[in-house]
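Structure below is target16.pdb: PDB, C-alpha atoms (C1' of nucleotides).
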```
ATOM      1  CA  MET A 251       0.335  -6.105 -22.967
ATOM      2  CA  ARG A 252       1.395  -6.974 -19.453
ATOM      3  CA  ILE A 253       0.063  -4.539 -16.850
ATOM      4  CA  ALA A 254       1.317  -4.817 -13.274
ATOM      5  CA  THR A 255       0.760  -3.164  -9.913
ATOM      6  CA  TRP A 256       2.874  -3.238  -6.756
ATOM      7  CA  ASN A 257       2.694  -1.433  -3.458
ATOM      8  CA  VAL A 258       6.420  -1.157  -2.722
ATOM      9  CA  ASN A 259       6.246   0.485   0.739
ATOM     10  CA  SER A 260       9.072   2.965   0.025
ATOM     11  CA  LEU A 261      10.641   3.051  -3.435
ATOM     12  CA  LYS A 262      13.929   4.142  -1.884
ATOM     13  CA  VAL A 263      14.189   0.853  -0.008
ATOM     14  CA  ARG A 264      12.619  -1.269  -2.740
ATOM     15  CA  LEU A 265      14.337   0.109  -5.842
ATOM     16  CA  PRO A 266      16.563  -2.990  -6.247
ATOM     17  CA  HIS A 267      13.492  -5.232  -5.933
ATOM     18  CA  VAL A 268      11.655  -3.189  -8.567
ATOM     19  CA  LEU A 269      14.557  -3.210 -11.025
ATOM     20  CA  ALA A 270      14.968  -6.963 -10.626
ATOM     21  CA  TRP A 271      11.255  -7.533 -11.110
ATOM     22  CA  LEU A 272      11.142  -5.399 -14.261
ATOM     23  CA  ALA A 273      14.057  -7.357 -15.716
ATOM     24  CA  THR A 274      12.502 -10.721 -14.935
ATOM     25  CA  HIS A 275       8.872 -10.109 -15.814
ATOM     26  CA  GLN A 276       9.151  -7.461 -18.531
ATOM     27  CA  PRO A 277       5.815  -5.755 -17.872
ATOM     28  CA  ASP A 278       4.753  -3.134 -20.388
ATOM     29  CA  VAL A 279       3.383  -1.091 -17.486
ATOM     30  CA  LEU A 280       4.187  -1.241 -13.776
ATOM     31  CA  CYS A 281       2.158   0.936 -11.428
ATOM     32  CA  LEU A 282       3.622   1.614  -7.983
ATOM     33  CA  GLN A 283       2.020   2.745  -4.744
ATOM     34  CA  GLU A 284       3.479   4.025  -1.475
ATOM     35  CA  THR A 285       6.607   5.311  -3.157
ATOM     36  CA  LYS A 286       7.019   7.722  -0.211
ATOM     37  CA  VAL A 287       9.300   9.948  -2.254
ATOM     38  CA  GLU A 288       9.048  13.561  -3.375
ATOM     39  CA  ASP A 289       9.116  14.115  -7.136
ATOM     40  CA  THR A 290      12.470  15.898  -6.930
ATOM     41  CA  LYS A 291      13.958  12.774  -5.342
ATOM     42  CA  PHE A 292      12.340  10.163  -7.572
ATOM     43  CA  PRO A 293      14.979   7.741  -8.941
ATOM     44  CA  ALA A 294      14.128   8.559 -12.565
ATOM     45  CA  GLY A 295      17.651   7.868 -13.811
ATOM     46  CA  ASP A 296      17.653   4.300 -12.493
ATOM     47  CA  ILE A 297      14.247   3.626 -14.033
ATOM     48  CA  LEU A 298      15.269   5.063 -17.404
ATOM     49  CA  ALA A 299      18.488   3.041 -17.332
ATOM     50  CA  ALA A 300      16.332  -0.074 -16.854
ATOM     51  CA  GLY A 301      14.438   0.751 -20.046
ATOM     52  CA  TYR A 302      11.305   2.291 -18.552
ATOM     53  CA  HIS A 303       9.785   5.764 -18.739
ATOM     54  CA  PRO A 304       8.635   6.988 -15.321
ATOM     55  CA  LEU A 305       5.684   9.164 -14.393
ATOM     56  CA  TYR A 306       5.284   9.999 -10.729
ATOM     57  CA  SER A 307       3.264  11.961  -8.227
ATOM     58  CA  GLY A 308       4.729  11.727  -4.767
ATOM     59  CA  GLN A 309       5.214  13.343  -1.399
ATOM     60  CA  LYS A 310       7.488  12.926   1.579
ATOM     61  CA  THR A 311       6.897  10.032   4.024
ATOM     62  CA  TYR A 312       3.421   8.974   2.914
ATOM     63  CA  ASN A 313       1.523   7.850  -0.190
ATOM     64  CA  GLY A 314       2.964   8.486  -3.635
ATOM     65  CA  VAL A 315       2.161   6.755  -6.939
ATOM     66  CA  ALA A 316       4.073   6.119 -10.158
ATOM     67  CA  ILE A 317       3.587   4.581 -13.595
ATOM     68  CA  LEU A 318       6.572   2.974 -15.314
ATOM     69  CA  SER A 319       6.144   2.027 -18.973
ATOM     70  CA  LYS A 320       8.286   0.674 -21.785
ATOM     71  CA  VAL A 321       6.631   3.089 -24.209
ATOM     72  CA  ALA A 322       6.414   6.642 -22.937
ATOM     73  CA  ALA A 323       3.002   7.461 -21.501
ATOM     74  CA  THR A 324       0.964  10.471 -22.576
ATOM     75  CA  ASP A 325      -1.840  12.596 -21.149
ATOM     76  CA  ALA A 326      -0.721  12.242 -17.544
ATOM     77  CA  LEU A 327      -3.243  13.261 -14.896
ATOM     78  CA  PRO A 328      -2.066  13.389 -11.260
ATOM     79  CA  ALA A 329      -5.420  13.785  -9.513
ATOM     80  CA  VAL A 330      -9.152  13.261  -9.821
ATOM     81  CA  PRO A 331     -10.486  16.374 -11.577
ATOM     82  CA  GLY A 332     -12.481  18.506  -9.160
ATOM     83  CA  TYR A 333     -11.543  16.464  -6.088
ATOM     84  CA  ALA A 334      -8.970  18.358  -4.074
ATOM     85  CA  ASP A 335      -6.756  15.988  -2.081
ATOM     86  CA  PRO A 336      -3.290  16.822  -0.744
ATOM     87  CA  GLN A 337      -2.545  13.091  -0.502
ATOM     88  CA  LYS A 338      -0.868  11.778  -3.652
ATOM     89  CA  ARG A 339      -2.934   8.701  -4.433
ATOM     90  CA  VAL A 340      -3.977   8.941  -8.082
ATOM     91  CA  LEU A 341      -2.066   8.939 -11.363
ATOM     92  CA  ALA A 342      -3.564   8.292 -14.781
ATOM     93  CA  ALA A 343      -1.879   8.131 -18.188
ATOM     94  CA  THR A 344      -2.281   6.598 -21.632
ATOM     95  CA  VAL A 345       0.112   3.863 -22.787
ATOM     96  CA  ASP A 346      -0.226   2.425 -26.300
ATOM     97  CA  GLY A 347      -3.859   3.482 -26.488
ATOM     98  CA  VAL A 348      -4.756   1.990 -23.107
ATOM     99  CA  ARG A 349      -5.789   4.342 -20.337
ATOM    100  CA  ILE A 350      -4.031   3.299 -17.124
ATOM    101  CA  VAL A 351      -5.232   4.506 -13.732
ATOM    102  CA  CYS A 352      -2.970   3.857 -10.734
ATOM    103  CA  LEU A 353      -4.708   4.111  -7.363
ATOM    104  CA  TYR A 354      -3.562   4.023  -3.777
ATOM    105  CA  VAL A 355      -6.856   3.777  -1.934
ATOM    106  CA  PRO A 356      -6.803   5.095   1.669
ATOM    107  CA  ASN A 357      -6.322   2.424   4.312
ATOM    108  CA  GLY A 358      -9.069   3.637   6.632
ATOM    109  CA  GLN A 359      -7.245   2.550   9.811
ATOM    110  CA  SER A 360     -10.405   1.323  11.575
ATOM    111  CA  ILE A 361     -14.115   1.619  10.919
ATOM    112  CA  GLU A 362     -14.431   4.128  13.775
ATOM    113  CA  SER A 363     -11.720   6.374  12.354
ATOM    114  CA  ASP A 364     -12.148   9.659  10.474
ATOM    115  CA  LYS A 365      -9.824   8.015   7.943
ATOM    116  CA  TYR A 366     -12.480   5.389   7.274
ATOM    117  CA  ARG A 367     -14.966   8.125   6.334
ATOM    118  CA  TYR A 368     -12.274   9.668   4.121
ATOM    119  CA  LYS A 369     -11.726   6.284   2.474
ATOM    120  CA  LEU A 370     -15.393   5.851   1.600
ATOM    121  CA  ASP A 371     -15.775   9.446   0.370
ATOM    122  CA  TRP A 372     -12.597   9.080  -1.672
ATOM    123  CA  LEU A 373     -13.913   5.904  -3.283
ATOM    124  CA  THR A 374     -17.204   7.619  -4.125
ATOM    125  CA  ALA A 375     -15.347  10.440  -5.862
ATOM    126  CA  VAL A 376     -13.027   8.107  -7.766
ATOM    127  CA  THR A 377     -15.898   5.879  -8.911
ATOM    128  CA  ALA A 378     -17.897   8.874 -10.148
ATOM    129  CA  TRP A 379     -14.869  10.095 -12.074
ATOM    130  CA  LEU A 380     -14.087   6.701 -13.606
ATOM    131  CA  ALA A 381     -17.714   6.166 -14.627
ATOM    132  CA  GLY A 382     -17.272   9.098 -16.990
ATOM    133  CA  GLU A 383     -13.932   7.966 -18.344
ATOM    134  CA  PHE A 384     -15.331   5.123 -20.473
ATOM    135  CA  ALA A 385     -16.745   7.634 -22.949
ATOM    136  CA  THR A 386     -13.258   8.812 -23.901
ATOM    137  CA  HIS A 387     -11.291   5.703 -22.888
ATOM    138  CA  PRO A 388     -13.138   2.424 -23.562
ATOM    139  CA  ARG A 389      -9.807   0.643 -23.101
ATOM    140  CA  LEU A 390      -9.497   1.402 -19.417
ATOM    141  CA  VAL A 391      -7.460  -0.416 -16.766
ATOM    142  CA  VAL A 392      -7.610   0.558 -13.096
ATOM    143  CA  VAL A 393      -4.967  -0.963 -10.861
ATOM    144  CA  GLY A 394      -3.511  -0.489  -7.453
ATOM    145  CA  ASP A 395      -3.698  -1.068  -3.750
ATOM    146  CA  PHE A 396      -7.433  -0.903  -3.094
ATOM    147  CA  ASN A 397      -7.162  -1.745   0.588
ATOM    148  CA  ILE A 398     -10.320  -3.831   0.171
ATOM    149  CA  ALA A 399     -10.633  -7.612   0.234
ATOM    150  CA  PRO A 400     -13.710  -7.979  -2.005
ATOM    151  CA  GLU A 401     -14.965 -11.356  -0.748
ATOM    152  CA  ASP A 402     -14.439 -13.784   2.111
ATOM    153  CA  ARG A 403     -12.328 -16.009  -0.135
ATOM    154  CA  ASP A 404      -9.873 -13.103  -0.342
ATOM    155  CA  VAL A 405      -9.279 -13.314   3.421
ATOM    156  CA  HIS A 406      -7.266 -15.956   5.274
ATOM    157  CA  ASP A 407      -9.601 -15.852   8.271
ATOM    158  CA  PRO A 408     -12.946 -14.312   7.313
ATOM    159  CA  LYS A 409     -14.376 -14.750  10.808
ATOM    160  CA  ALA A 410     -11.535 -12.835  12.448
ATOM    161  CA  TRP A 411     -11.761 -10.065   9.838
ATOM    162  CA  GLU A 412     -15.556  -9.859   9.644
ATOM    163  CA  GLY A 413     -16.637  -6.220   9.785
ATOM    164  CA  GLN A 414     -13.069  -4.980  10.208
ATOM    165  CA  VAL A 415     -11.448  -2.338   8.056
ATOM    166  CA  LEU A 416     -10.452  -3.732   4.609
ATOM    167  CA  CYS A 417     -13.334  -6.236   4.821
ATOM    168  CA  SER A 418     -16.341  -4.260   6.068
ATOM    169  CA  ALA A 419     -19.615  -4.250   4.150
ATOM    170  CA  PRO A 420     -19.438  -0.533   3.162
ATOM    171  CA  GLU A 421     -15.957  -1.040   1.725
ATOM    172  CA  ARG A 422     -17.029  -4.140  -0.179
ATOM    173  CA  LYS A 423     -20.033  -2.249  -1.487
ATOM    174  CA  ALA A 424     -17.741   0.558  -2.657
ATOM    175  CA  PHE A 425     -15.649  -2.009  -4.517
ATOM    176  CA  ALA A 426     -18.748  -3.593  -6.050
ATOM    177  CA  ASP A 427     -20.020  -0.137  -7.049
ATOM    178  CA  LEU A 428     -16.772   0.445  -8.902
ATOM    179  CA  LEU A 429     -17.166  -2.837 -10.803
ATOM    180  CA  VAL A 430     -20.762  -1.966 -11.657
ATOM    181  CA  VAL A 431     -19.763   1.122 -13.636
ATOM    182  CA  GLY A 432     -17.981  -1.173 -16.068
ATOM    183  CA  PHE A 433     -15.018  -3.167 -14.743
ATOM    184  CA  LYS A 434     -14.091  -6.788 -14.207
ATOM    185  CA  ASP A 435     -11.731  -7.979 -11.491
ATOM    186  CA  SER A 436      -9.256  -9.630 -13.864
ATOM    187  CA  PHE A 437      -8.083 -12.048 -11.168
ATOM    188  CA  ARG A 438     -11.537 -13.603 -10.967
ATOM    189  CA  LEU A 439     -11.863 -14.083 -14.724
ATOM    190  CA  PHE A 440      -9.736 -17.215 -14.239
ATOM    191  CA  ASP A 441      -9.449 -20.244 -11.991
ATOM    192  CA  GLN A 442      -7.094 -19.360  -9.160
ATOM    193  CA  PRO A 443      -5.477 -21.245  -6.311
ATOM    194  CA  ALA A 444      -7.228 -21.109  -2.945
ATOM    195  CA  ASN A 445      -5.603 -18.736  -0.475
ATOM    196  CA  SER A 446      -4.405 -16.291  -3.118
ATOM    197  CA  PHE A 447      -3.386 -13.109  -1.325
ATOM    198  CA  THR A 448      -1.403  -9.958  -2.138
ATOM    199  CA  TRP A 449      -0.598  -8.630   1.328
ATOM    200  CA  TRP A 450       0.717 -10.243   4.506
ATOM    201  CA  ASP A 451       1.441  -8.446   7.766
ATOM    202  CA  TYR A 452       5.128  -8.159   8.576
ATOM    203  CA  ARG A 453       4.332  -9.417  12.054
ATOM    204  CA  MET A 454       3.641 -12.908  13.362
ATOM    205  CA  ASN A 455       5.302 -14.653  10.398
ATOM    206  CA  ALA A 456       2.080 -13.984   8.515
ATOM    207  CA  PHE A 457       3.513 -14.752   5.082
ATOM    208  CA  ARG A 458       4.966 -18.098   6.076
ATOM    209  CA  ARG A 459       1.670 -18.967   7.740
ATOM    210  CA  LYS A 460      -0.317 -17.872   4.666
ATOM    211  CA  MET A 461      -2.209 -15.293   6.736
ATOM    212  CA  GLY A 462      -2.928 -12.749   4.024
ATOM    213  CA  LEU A 463      -5.511 -10.653   2.242
ATOM    214  CA  ARG A 464      -6.114 -10.008  -1.458
ATOM    215  CA  ILE A 465      -6.322  -6.230  -1.559
ATOM    216  CA  ASP A 466      -4.301  -5.316  -4.682
ATOM    217  CA  HIS A 467      -6.263  -5.542  -7.894
ATOM    218  CA  VAL A 468      -6.185  -5.176 -11.663
ATOM    219  CA  LEU A 469      -9.581  -4.102 -12.994
ATOM    220  CA  VAL A 470     -10.204  -4.130 -16.734
ATOM    221  CA  SER A 471     -13.010  -2.448 -18.639
ATOM    222  CA  ALA A 472     -15.610  -4.667 -20.282
ATOM    223  CA  ALA A 473     -14.070  -3.827 -23.661
ATOM    224  CA  LEU A 474     -10.771  -5.385 -22.550
ATOM    225  CA  ALA A 475     -12.043  -8.287 -20.441
ATOM    226  CA  ALA A 476     -12.462 -10.585 -23.465
ATOM    227  CA  GLN A 477      -8.827  -9.975 -24.380
ATOM    228  CA  CYS A 478      -7.520 -10.663 -20.884
ATOM    229  CA  ARG A 479      -5.588 -13.960 -20.865
ATOM    230  CA  ALA A 480      -4.355 -14.234 -17.284
ATOM    231  CA  CYS A 481      -3.997 -12.506 -13.954
ATOM    232  CA  THR A 482      -1.200 -13.570 -11.631
ATOM    233  CA  VAL A 483       0.042 -12.785  -8.134
ATOM    234  CA  ASP A 484       3.824 -13.147  -7.869
ATOM    235  CA  THR A 485       4.674 -14.132  -4.303
ATOM    236  CA  GLU A 486       8.410 -14.538  -4.992
ATOM    237  CA  PRO A 487       9.415 -10.968  -4.034
ATOM    238  CA  ARG A 488       7.692 -11.414  -0.650
ATOM    239  CA  LYS A 489      10.300 -14.117   0.112
ATOM    240  CA  SER A 490      13.268 -11.834  -0.543
ATOM    241  CA  GLU A 491      15.420  -9.784   1.853
ATOM    242  CA  ARG A 492      13.672  -6.639   3.129
ATOM    243  CA  PRO A 493      10.490  -7.332   1.154
ATOM    244  CA  SER A 494       7.520  -5.090   0.644
ATOM    245  CA  ASP A 495       4.554  -6.441   2.575
ATOM    246  CA  HIS A 496       2.641  -6.513  -0.754
ATOM    247  CA  ALA A 497       3.149  -8.790  -3.753
ATOM    248  CA  PRO A 498       3.026  -7.627  -7.368
ATOM    249  CA  VAL A 499      -0.065  -8.532  -9.399
ATOM    250  CA  TYR A 500      -0.151  -8.508 -13.189
ATOM    251  CA  ALA A 501      -2.606  -9.114 -16.006
ATOM    252  CA  ASP A 502      -1.784 -10.158 -19.543
ATOM    253  CA  VAL A 503      -4.087  -8.606 -22.136
ATOM    254  CA  ASP A 504      -4.033  -9.253 -25.903
ATOM    255  CA  ILE A 505      -3.503  -5.806 -27.335
TER     256      ILE A 505
ATOM    257  C1'  DA K   1      -6.681  -8.440  25.694
ATOM    258  C1'  DT K   2      -2.488  -6.806  23.745
ATOM    259  C1'  DG K   3       1.205  -6.446  20.582
ATOM    260  C1'  DG K   4       3.784  -8.198  17.345
ATOM    261  C1'  DC K   5       7.041  -5.593  12.023
ATOM    262  C1'  DA K   6       8.655  -2.022   8.990
ATOM    263  C1'  DG K   7       9.592   2.831   7.009
ATOM    264  C1'  DG K   8      10.177   7.661   7.686
ATOM    265  C1'  DA K   9      11.261  11.911  10.187
ATOM    266  C1'  DA K  10      13.033  13.432  13.952
ATOM    267  C1'  DG K  11      16.221  12.952  17.142
ATOM    268  C1'  DC K  12      16.588   8.265  20.803
ATOM    269  C1'  DT K  13       9.957   8.206  20.172
ATOM    270  C1'  DC K  14       6.140   8.744  17.479
ATOM    271  C1'  DC K  15       2.866   8.094  13.556
ATOM    272  C1'  DT K  16       1.109   5.255   9.921
ATOM    273  C1'  DG K  17       0.375   1.216   7.534
ATOM    274  C1'  DA K  18      -3.287  -3.041   6.734
TER     275       DA K  18
END
```
Can the structure in the file be given as C-alpha cells, please?
Amino acid sequence: MRIATWNVNSLKVRLPHVLAWLATHQPDVLCLQETKVEDTKFPAGDILAAGYHPLYSGQKTYNGVAILSKVAATDALPAVPGYADPQKRVLAATVDGVRIVCLYVPNGQSIESDKYRYKLDWLTAVTAWLAGEFATHPRLVVVGDFNIAPEDRDVHDPKAWEGQVLCSAPERKAFADLLVVGFKDSFRLFDQPANSFTWWDYRMNAFRRKMGLRIDHVLVSAALAAQCRACTVDTEPRKSERPSDHAPVYADVDI
DNA sequence: ATGGCAGGAAGCTCCTGA
C-alpha cells in the first residue's frame, strides 16, 4: 500500500498537479492539506473521474484536509473527539483495514504568537487522542503537514533557524512526544540523501538554492514499521508551473 | 534590518502561510 501526503496550498489551483501526480504515482491513499475549499465546492467529480474516492473537511480561504483513496474509505472522522476547533485540520478514515489520519498542524507564525500557543495545545490534544487509537487501530498511519522540522538535519541552515517557529525545542518535543506513544518517522527508517526537504519558501529562489525544511511526514505505528519498505519525497512537482511550496511524501508498506 | 512569493477575499490592500 502506497500512502502519500501533500500540502497543495489551494486545491483549486493545484487540481491539475494532483490529478497528474495520482496518475503517475498511483498511491492507494493521498492525503491533502490546505485545500482551502468549502465542502460544497470540493472537486469531487474530478477526483472520482481519476479513479479515487474523496473524503474532505474544508473551509473557505484557510486550512482544509482531504483523503483520496482507490478503495472507498470508511468510518470517517472529521475532528478530534472532544476537542472543539473551528479550523478544519483533522480527517481520519479507514482504508483497507489501515487507519489513516490526515493532519494539518497549525503553523504557529512565531514563538511569541498566540498561534504558537494554539499549535502546542493542538498537538497535545492530538497526541492524547492518537495514544488511545492504537487499542482499536494497531495499523495506524498519521500523515500530513506537521509544520515541525524534527532535527537539525531536516533544516537547510540550522543556525539561522535555531529556536525559530517550526524548529523550536517545544515543537520538537511535541513531535518526539507523538513518536513516543507508538510511531516511527517512516522517512528515517531508511538511508536518505542529505538535504532532503519537503517545503521551500516561494521567495528568494529557495528551491533552486536547496533552502528547505522537512516538515511533512508519514508516521507509521510500530505494528506497521516492519512492513514499511520505503519513504520518498518527490521533488518533481516543485519544479512545475505554479507549484505548491510543499512536495509530496509517500511511504510504501507491505499490506 | 527588512522583505522577498503566493493564494484568497475583497475590492485595488490586507491577512496568512512557513
Q: Can you check which residues of chain K have any atom within 9 Å of chain A? Use only C-alpha atoms (C1' of nucleotides) and format it as a PyMOL selection string.
A: chain K and resi 4-9+16-18
Q: Run the PyMOL selection byres ((chain A and resi 329) around 10) against the file shown and list the residues it catches, as a PyMOL selection string.
A: chain A and resi 307+326-328+330-342+353+376
Q. Which residues, written as an MDAnalysis selection string, have at least one atom at most 9 Å from Ala294 of chain A, with all atoms listed in the file counted and residues fewer than 3 positions away on the same chain left out?
A. chainID A and resid 291 297:299 303:305
Q | Separation of atom CA of Ala419 of chain A from atom CA of Cys352 of chain A in Å | A |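 Straight-line distance from atom CA of Cys352 of chain A to atom CA of Ala419 of chain A works out to 23.8 Å.
Of note, atom CA of Asp435 of chain A and atom CA of Tyr306 of chain A are spaced 24.8 Å apart.
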(Q) Counting all atoms listed in the file, which residues have an atom no more than 12 Å from (5.9, 0.0, -16.5) in the file's coordinates? Please list them as a ChimeraX atom specification. (A) /A:251-256,268-269,271-273,275-282,297-298,300-306,316-323,343-346,350,352,500
Next, the residues of the selection above should be written as an mmCIF file, in the frame of the given file with C-alpha atoms.
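again38.cif written:
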```
data_model
loop_
_atom_site.group_PDB
_atom_site.id
_atom_site.type_symbol
_atom_site.label_atom_id
_atom_site.label_comp_id
_atom_site.auth_asym_id
_atom_site.auth_seq_id
_atom_site.Cartn_x
_atom_site.Cartn_y
_atom_site.Cartn_z
ATOM 1 C CA MET A 251 0.335 -6.105 -22.967
ATOM 2 C CA ARG A 252 1.395 -6.974 -19.453
ATOM 3 C CA ILE A 253 0.063 -4.539 -16.850
ATOM 4 C CA ALA A 254 1.317 -4.817 -13.274
ATOM 5 C CA THR A 255 0.760 -3.164 -9.913
ATOM 6 C CA TRP A 256 2.874 -3.238 -6.756
ATOM 7 C CA VAL A 268 11.655 -3.189 -8.567
ATOM 8 C CA LEU A 269 14.557 -3.210 -11.025
ATOM 9 C CA TRP A 271 11.255 -7.533 -11.110
ATOM 10 C CA LEU A 272 11.142 -5.399 -14.261
ATOM 11 C CA ALA A 273 14.057 -7.357 -15.716
ATOM 12 C CA HIS A 275 8.872 -10.109 -15.814
ATOM 13 C CA GLN A 276 9.151 -7.461 -18.531
ATOM 14 C CA PRO A 277 5.815 -5.755 -17.872
ATOM 15 C CA ASP A 278 4.753 -3.134 -20.388
ATOM 16 C CA VAL A 279 3.383 -1.091 -17.486
ATOM 17 C CA LEU A 280 4.187 -1.241 -13.776
ATOM 18 C CA CYS A 281 2.158 0.936 -11.428
ATOM 19 C CA LEU A 282 3.622 1.614 -7.983
ATOM 20 C CA ILE A 297 14.247 3.626 -14.033
ATOM 21 C CA LEU A 298 15.269 5.063 -17.404
ATOM 22 C CA ALA A 300 16.332 -0.074 -16.854
ATOM 23 C CA GLY A 301 14.438 0.751 -20.046
ATOM 24 C CA TYR A 302 11.305 2.291 -18.552
ATOM 25 C CA HIS A 303 9.785 5.764 -18.739
ATOM 26 C CA PRO A 304 8.635 6.988 -15.321
ATOM 27 C CA LEU A 305 5.684 9.164 -14.393
ATOM 28 C CA TYR A 306 5.284 9.999 -10.729
ATOM 29 C CA ALA A 316 4.073 6.119 -10.158
ATOM 30 C CA ILE A 317 3.587 4.581 -13.595
ATOM 31 C CA LEU A 318 6.572 2.974 -15.314
ATOM 32 C CA SER A 319 6.144 2.027 -18.973
ATOM 33 C CA LYS A 320 8.286 0.674 -21.785
ATOM 34 C CA VAL A 321 6.631 3.089 -24.209
ATOM 35 C CA ALA A 322 6.414 6.642 -22.937
ATOM 36 C CA ALA A 323 3.002 7.461 -21.501
ATOM 37 C CA ALA A 343 -1.879 8.131 -18.188
ATOM 38 C CA THR A 344 -2.281 6.598 -21.632
ATOM 39 C CA VAL A 345 0.112 3.863 -22.787
ATOM 40 C CA ASP A 346 -0.226 2.425 -26.300
ATOM 41 C CA ILE A 350 -4.031 3.299 -17.124
ATOM 42 C CA CYS A 352 -2.970 3.857 -10.734
ATOM 43 C CA TYR A 500 -0.151 -8.508 -13.189
#
```
(Q) I'd like the interatomic distance between atom CA of Asp289 of chain A and atom CA of Leu265 of chain A, to a tenth of an Å. (A) 15.0 Å
Residues near Leu474 of chain A, anyone? I mean within 9 Å using only C-alpha atoms (C1' of nucleotides), not counting same-chain ones fewer than 5 positions away, as a PDB file with C-alpha atoms, in the frame of the given file.
```
ATOM      1  CA  PRO A 388     -13.138   2.424 -23.562  1.00  0.00           C
ATOM      2  CA  ARG A 389      -9.807   0.643 -23.101  1.00  0.00           C
ATOM      3  CA  LEU A 390      -9.497   1.402 -19.417  1.00  0.00           C
ATOM      4  CA  VAL A 391      -7.460  -0.416 -16.766  1.00  0.00           C
ATOM      5  CA  VAL A 503      -4.087  -8.606 -22.136  1.00  0.00           C
ATOM      6  CA  ASP A 504      -4.033  -9.253 -25.903  1.00  0.00           C
ATOM      7  CA  ILE A 505      -3.503  -5.806 -27.335  1.00  0.00           C
TER       8      ILE A 505
END
```
Q: Spell out the residues picked by the PyMOL selection byres ((chain A and resi 384) around 10) here, as an MDAnalysis selection string.
A: chainID A and resid 349 379:383 385:390 431:432 471:473
Q.
So, with all atoms listed in the file as the atoms that count, which of A:Val405, A:Ile361, A:Leu439, A:Ala501 lies closest to Lys460 of chain A?
A.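 Nearest candidate to Lys460 of chain A out of A:Val405, A:Ile361, A:Leu439, A:Ala501: A:Val405.
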Please complete segment 349-360 of chain A with N, CA and C atoms and give it back as a PDB file, in the frame of the given file.
```pdb
ATOM      1  N   ARG A 349      -5.794   3.392 -21.445  1.00  0.00           N
ATOM      2  CA  ARG A 349      -5.789   4.342 -20.337  1.00  0.00           C
ATOM      3  C   ARG A 349      -5.520   3.580 -19.045  1.00  0.00           C
ATOM      4  N   ILE A 350      -4.455   3.961 -18.355  1.00  0.00           N
ATOM      5  CA  ILE A 350      -4.031   3.299 -17.124  1.00  0.00           C
ATOM      6  C   ILE A 350      -4.313   4.233 -15.957  1.00  0.00           C
ATOM      7  N   VAL A 351      -4.988   3.724 -14.943  1.00  0.00           N
ATOM      8  CA  VAL A 351      -5.232   4.506 -13.732  1.00  0.00           C
ATOM      9  C   VAL A 351      -4.604   3.764 -12.554  1.00  0.00           C
ATOM     10  N   CYS A 352      -3.671   4.428 -11.889  1.00  0.00           N
ATOM     11  CA  CYS A 352      -2.970   3.857 -10.734  1.00  0.00           C
ATOM     12  C   CYS A 352      -3.546   4.481  -9.468  1.00  0.00           C
ATOM     13  N   LEU A 353      -4.046   3.635  -8.575  1.00  0.00           N
ATOM     14  CA  LEU A 353      -4.708   4.111  -7.363  1.00  0.00           C
ATOM     15  C   LEU A 353      -4.024   3.584  -6.100  1.00  0.00           C
ATOM     16  N   TYR A 354      -3.911   4.457  -5.125  1.00  0.00           N
ATOM     17  CA  TYR A 354      -3.562   4.023  -3.777  1.00  0.00           C
ATOM     18  C   TYR A 354      -4.724   4.430  -2.862  1.00  0.00           C
ATOM     19  N   VAL A 355      -5.641   3.506  -2.701  1.00  0.00           N
ATOM     20  CA  VAL A 355      -6.856   3.777  -1.934  1.00  0.00           C
ATOM     21  C   VAL A 355      -6.492   3.945  -0.452  1.00  0.00           C
ATOM     22  N   PRO A 356      -7.094   4.919   0.241  1.00  0.00           N
ATOM     23  CA  PRO A 356      -6.803   5.095   1.669  1.00  0.00           C
ATOM     24  C   PRO A 356      -7.030   3.807   2.452  1.00  0.00           C
ATOM     25  N   ASN A 357      -6.222   3.619   3.468  1.00  0.00           N
ATOM     26  CA  ASN A 357      -6.322   2.424   4.312  1.00  0.00           C
ATOM     27  C   ASN A 357      -7.588   2.430   5.163  1.00  0.00           C
ATOM     28  N   GLY A 358      -7.883   3.542   5.790  1.00  0.00           N
ATOM     29  CA  GLY A 358      -9.069   3.637   6.632  1.00  0.00           C
ATOM     30  C   GLY A 358      -8.817   3.434   8.110  1.00  0.00           C
ATOM     31  N   GLN A 359      -7.700   2.772   8.419  1.00  0.00           N
ATOM     32  CA  GLN A 359      -7.245   2.550   9.811  1.00  0.00           C
ATOM     33  C   GLN A 359      -8.175   1.677  10.641  1.00  0.00           C
ATOM     34  N   SER A 360      -9.400   2.136  10.878  1.00  0.00           N
ATOM     35  CA  SER A 360     -10.405   1.323  11.575  1.00  0.00           C
ATOM     36  C   SER A 360     -11.768   1.909  11.222  1.00  0.00           C
TER      37      SER A 360
END
```
